[in-house]
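Here the structure comes first, spelled out in structure tokens, and everything after it is commentary.
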Amino acid sequence: KESSADAGTSVDAGARVVRKFNWEVPGVVSNTEIPGITWVMGVPVKMHAVTVKGKTDDLMRYLYDSFIKQGLFVEARLQMGPMLTGVDPETPRTYSPIFQENAPGYVTIVMGEANILKSKPPKGAEFIPLFPGGHSVLRSSVEGSDTLVYFAPVNSEEKVKAFYKDVLSKSGYQIDAMDPSTYVKGGEQVTLQTKVKDGQVSVFATRRGAAPSP
């Protein structure tokens, strides 16, 4: 089974069809709709997920070829795991599949379509500071939740955790008695997850219960 989800048709002021992009994904065994819009670094992104029978490398190559065939400019990178970005210069929109391996032989692909023309400043800067030298920052906001993902240039989760324990404590947060990875202040909570990867620490932070960002 192959999924060929229509991501929309682009039309210019003269009502001329410019491009109709389709997500062509082989071996789909299930689909998951992701409602609403996620804001990533100030850009609105519509997401959809599929579970596929196959291998990440093969699926990445298949989608790469599909992007090229459909006239997108393509960038391949491995910053946050296997990922492609296809850019449609006529729309302009970007299309990005993110691959996550699940059970042996199965991969979840989160397919994101970003509308660059509707971008705006991020809904709130970092709600916590970056570890010194932090890079590859990714921010997103949905109702009631802000997310910050980046890499810290150290090979020690303990150093990162100690940094945030000091910073958050000075800002009035306390460690949750039931979950040491969560800090609370009033009705607001910040949860931190860290993992050593390729000689540095990936940091995934989520803030919930904060007042809406301006």
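Here's how to read the names in the structure tokens: chain A, B, ... by the order shown, residue numbers from 1 in each chain, ligand numbers from 1 in the order shown.
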Neighbours of Asn155 of chain A within 8 Å (only C-alpha atoms; same-chain residues fewer than 5 positions away dropped), as a short mmCIF file (atom, residue, chain, number, x, y, z; two decimals) with C-alpha atoms, in the first residue's frame?
data_model
loop_
_atom_site.label_atom_id
_atom_site.label_comp_id
_atom_site.auth_asym_id
_atom_site.auth_seq_id
_atom_site.Cartn_x
_atom_site.Cartn_y
_atom_site.Cartn_z
CA VAL A 196 23.86 11.96 25.21
CA GLY A 199 29.37 13.40 21.98
CA GLN A 200 26.88 16.07 23.03
CA VAL A 201 23.65 16.29 24.98
#
So that I can check the surroundings of segment 186-195 of chain A, please list as a PyMOL selection string every protein, DNA and RNA residue that reaches within 12 Å of it, counting only C-alpha atoms and ignoring chain neighbours fewer than 3 positions away.
chain A and resi 126-128+131+144-152+154-165+168-169+171-176+179-183+198-212
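Relative to atom CA of Ile116 of chain A, atom CA of Met47 of chain A is found at 14.6 Å.
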Give me the segment 99-155 of chain A side of the contact with segment 21-34 of chain A, cut-off 10 Å, one line per residue showing its nearest atom pair and distance in Å at one decimal, counting only C-alpha atoms, sorted by chain and residue number, as JSON lines.
{"residue": "A:Tyr106", "atom": "CA", "partner": "A:Val29", "partner_atom": "CA", "distance": 9.2}
{"residue": "A:Val107", "atom": "CA", "partner": "A:Val28", "partner_atom": "CA", "distance": 9.5}
{"residue": "A:Thr108", "atom": "CA", "partner": "A:Ser30", "partner_atom": "CA", "distance": 9.3}
{"residue": "A:Ile109", "atom": "CA", "partner": "A:Val25", "partner_atom": "CA", "distance": 9.2}
{"residue": "A:Val110", "atom": "CA", "partner": "A:Thr32", "partner_atom": "CA", "distance": 9.2}
{"residue": "A:Met111", "atom": "CA", "partner": "A:Trp23", "partner_atom": "CA", "distance": 8.2}
Can you list, as a PyMOL selection string, every residue of segment 14-211 of chain A that DSSP puts in helix (DSSP H, G or I)?
chain A and resi 56-69+116-118+157-170
Could you turn the residues from that selection into a file that holds C-alpha atoms, as an mmCIF file, in the first residue's frame?
data_model
loop_
_atom_site.group_PDB
_atom_site.id
_atom_site.type_symbol
_atom_site.label_atom_id
_atom_site.label_comp_id
_atom_site.auth_asym_id
_atom_site.auth_seq_id
_atom_site.Cartn_x
_atom_site.Cartn_y
_atom_site.Cartn_z
ATOM 1 C CA THR A 56 14.661 4.396 7.502
ATOM 2 C CA ASP A 57 17.446 4.572 4.902
ATOM 3 C CA ASP A 58 15.238 3.109 2.177
ATOM 4 C CA LEU A 59 12.307 5.380 3.041
ATOM 5 C CA MET A 60 14.530 8.453 3.159
ATOM 6 C CA ARG A 61 15.882 7.640 -0.295
ATOM 7 C CA TYR A 62 12.363 7.012 -1.644
ATOM 8 C CA LEU A 63 11.093 10.368 -0.374
ATOM 9 C CA TYR A 64 14.234 12.127 -1.588
ATOM 10 C CA ASP A 65 13.602 10.810 -5.094
ATOM 11 C CA SER A 66 9.915 11.748 -4.840
ATOM 12 C CA PHE A 67 10.783 15.308 -3.817
ATOM 13 C CA ILE A 68 13.184 15.666 -6.746
ATOM 14 C CA LYS A 69 10.628 14.214 -9.163
ATOM 15 C CA ILE A 116 6.725 30.264 5.070
ATOM 16 C CA LEU A 117 4.587 33.200 3.910
ATOM 17 C CA LYS A 118 2.601 33.075 7.152
ATOM 18 C CA GLU A 157 23.948 14.847 31.128
ATOM 19 C CA GLU A 158 24.838 15.590 34.750
ATOM 20 C CA LYS A 159 26.459 18.918 33.814
ATOM 21 C CA VAL A 160 23.358 19.967 31.900
ATOM 22 C CA LYS A 161 21.034 18.880 34.706
ATOM 23 C CA ALA A 162 23.147 20.721 37.298
ATOM 24 C CA PHE A 163 23.051 23.858 35.152
ATOM 25 C CA TYR A 164 19.255 23.818 34.988
ATOM 26 C CA LYS A 165 18.849 22.936 38.647
ATOM 27 C CA ASP A 166 20.809 26.069 39.520
ATOM 28 C CA VAL A 167 19.095 28.326 36.957
ATOM 29 C CA LEU A 168 15.550 27.204 37.683
ATOM 30 C CA SER A 169 16.001 27.249 41.452
ATOM 31 C CA LYS A 170 17.175 30.865 41.263
#
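Of the residues under consideration (A:Arg139, A:Leu130, A:Gly71, A:Lys55), A:Lys55 shows the shortest atom-to-atom contact distance to Asn102 of chain A when counting only C-alpha atoms.
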